[in-house]
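Notes for the one structure printed next.
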Amino acid sequence: MPAPSFKPLLKALLCGVLCAIGTIAQAQQVLRVTAIPDESPTELARKAAPLMKYLEAKLGVKVEYTPVTDYAASVEALVNKKVDLAWFGGFTFVQANVRSGGKVLPLVQREEDERFRSVFITAEPAIQTLADLKGKDVSFGSQSSTSGHLMPRSFLLQAGLDPDKDFRRVAYSGAHDATIAAVASGKVQAGALNISVWDKFVAEKKVDTTKVRAFYATPPYYDYNWTVHADMPAPMREKLKAAFLALSRDSSEGKEILELQRATRFVPTQVDNYKGIEAAARSAGLL
């Protein structure tokens, strides 16, 4: 009588162990997400929550949102792979791309980001044009902000105004909502910020437009995007991109997320879209 073979049993046990390990690994996989702090921490968390929940369901992995203290920290977090996905402004993306040696990839942007603008606001009746800013105290947002500093500065230079020479004082509020507060309180006579945040504050009546008004809007430029590290496996990159592109205002979930992101929809983007911002940053001596 031949000896019983244990090979089928061992094979079955080994298969079971490997499957279990695979299931545990999948369960432990986490997609780490961050965003530039261009608004207050509470507002950023409010905007992030439904999107993180949506991405978890679409990707089948745990998704964690981690706030950062400043724009530079968001760049370093993605470049050093401390996070997997980052919401960048155009300039922050350029900084990350340069800092990483081209090892970051922009996946999607809002449709609005293809023609984004900045606005200059004031509470001073005498300020009607950019030229009227000479000798005034003017606030930008963060120094690394595309729409709150780089592009407004670039258009000022094109208009023949050098903020560092022509303004009495240049201030940096750190965030778009803080710029509105600085102008409204009289800390500065004017400020430059993201048109999307300004429009939101006006729509939600968070600013008294009988006192504070926008007096100049810049020409359009490419801005924000969702960016990943180039080392992210291609299948995950594609699933992530598809999840963003699938968001639609036709569903209640999609409508909530898109409204919080102040987006009509998300569209694909590419590195070349941000060449203009890179050129503006180099011209302004900021890169």
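Simple scheme: letters A, B, ... for chains in structure tokens order, numbers from 1 for residues in each chain, numbers from 1 for ligands in the order shown.
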
Skipping near chain neighbours, those fewer than 5 positions away, what residues fall within 8 Å of Asn225 in chain A using only C-alpha atoms, listed as a CSV table (one decimal) with C-alpha atoms, in the first residue's frame?
```csv
chain,number,residue,atom,x,y,z
A,87,TRP,CA,-3.7,68.9,-3.7
A,88,PHE,CA,-1.3,71.4,-5.1
A,89,GLY,CA,-1.5,74.9,-6.5
A,90,GLY,CA,0.2,75.3,-9.9
A,93,PHE,CA,3.3,71.6,-8.2
A,106,PRO,CA,-0.3,65.7,-12.0
A,107,LEU,CA,-3.3,63.5,-12.5
A,108,VAL,CA,-6.4,65.7,-12.7
A,109,GLN,CA,-7.5,69.3,-12.2
A,110,ARG,CA,-10.8,71.0,-12.0
A,113,ASP,CA,-8.3,75.3,-13.2
A,269,THR,CA,-4.0,67.3,-16.8
```

Identify, on the basis of only C-alpha atoms, every residue whose closest approach to Asp208 in chain A does not exceed 12 Å; exclude the query and any residue fewer than 6 positions from it along the same chain; express the result as a CSV table (one decimal) with N, CA and C atoms, in the first residue's frame.
```csv
chain,number,residue,atom,x,y,z
A,122,THR,N,-10.1,95.5,-2.2
A,122,THR,CA,-9.8,96.7,-1.4
A,122,THR,C,-11.0,97.2,-0.7
A,123,ALA,N,-10.8,98.0,0.3
A,123,ALA,CA,-11.9,98.7,1.0
A,123,ALA,C,-11.7,100.2,0.9
A,180,ILE,N,-8.6,88.2,2.9
A,180,ILE,CA,-9.8,88.9,3.0
A,180,ILE,C,-10.0,89.6,4.3
A,181,ALA,N,-9.7,88.9,5.4
A,181,ALA,CA,-9.8,89.4,6.7
A,181,ALA,C,-8.9,90.6,6.9
A,183,VAL,N,-7.8,92.7,4.7
A,183,VAL,CA,-8.3,93.9,3.9
A,183,VAL,C,-9.6,94.5,4.7
A,184,ALA,N,-10.5,93.6,5.1
A,184,ALA,CA,-11.7,94.0,5.7
A,184,ALA,C,-11.4,94.7,7.0
A,185,SER,N,-10.4,94.3,7.7
A,185,SER,CA,-10.1,94.9,9.0
A,185,SER,C,-9.3,96.2,8.9
A,198,TRP,N,-12.7,84.1,-3.1
A,198,TRP,CA,-13.5,85.4,-3.1
A,198,TRP,C,-14.9,85.2,-3.5
A,201,PHE,N,-16.8,83.5,-0.6
A,201,PHE,CA,-17.1,84.4,0.5
A,201,PHE,C,-18.2,85.4,0.1
A,202,VAL,N,-18.3,85.8,-1.1
A,202,VAL,CA,-19.3,86.7,-1.5
A,202,VAL,C,-20.7,86.0,-1.5
A,214,ALA,N,-13.8,93.7,-5.2
A,214,ALA,CA,-12.7,93.3,-6.1
A,214,ALA,C,-12.6,94.4,-7.2
```

With DSSP run on the backbone, what are the alpha helix (DSSP H) residues within range 64-243 of chain A? I'd like them as a PyMOL selection string. chain A and resi 71-79+90-99+151-158+163-166+176-184+195-203+234-243

Which residue is closest to Ser145 in chain A? Choose from A:Asp84, A:Asp231, A:Glu39, A:Glu64 and count only C-alpha atoms. A:Glu39

Set the distance at 6 Å and use only C-alpha atoms: which residues neighbour Tyr172 in chain A once local chain neighbours fewer than 6 positions away are removed? I'd like the list as JSON, numbers by chain. {"A": [139, 140, 141, 142]}

Would you output that residue set with C-alpha atoms, as a PDB file, in the first residue's frame?
```pdb
ATOM      1  CA  SER A 139      -1.187  91.573   1.248  1.00  0.00           C
ATOM      2  CA  PHE A 140      -0.552  88.395  -0.666  1.00  0.00           C
ATOM      3  CA  GLY A 141      -1.421  84.946   0.713  1.00  0.00           C
ATOM      4  CA  SER A 142       1.334  82.381   1.211  1.00  0.00           C
TER       5      SER A 142
END
```

Exercise: range 249-264 of chain A partners within 8 Å, only C-alpha atoms, chain neighbours under 6 positions left out, as an MDAnalysis selection string: chainID A and resid 47 50:51 110:112 196

Expressed in Å to a single decimal, how great is the separation between CA of Asn273 in chain A and CA of Ala234 in chain A?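 The value is 21.0 Å.
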
Choose the residue, out of A:Thr227, A:Leu85, A:Ile36, A:Ala243, that has the smallest atom-to-atom separation from His176 in chain A; count only C-alpha atoms.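 Checking each of A:Thr227, A:Leu85, A:Ile36, A:Ala243 against His176 in chain A, counting only C-alpha atoms, the winner is A:Ile36.
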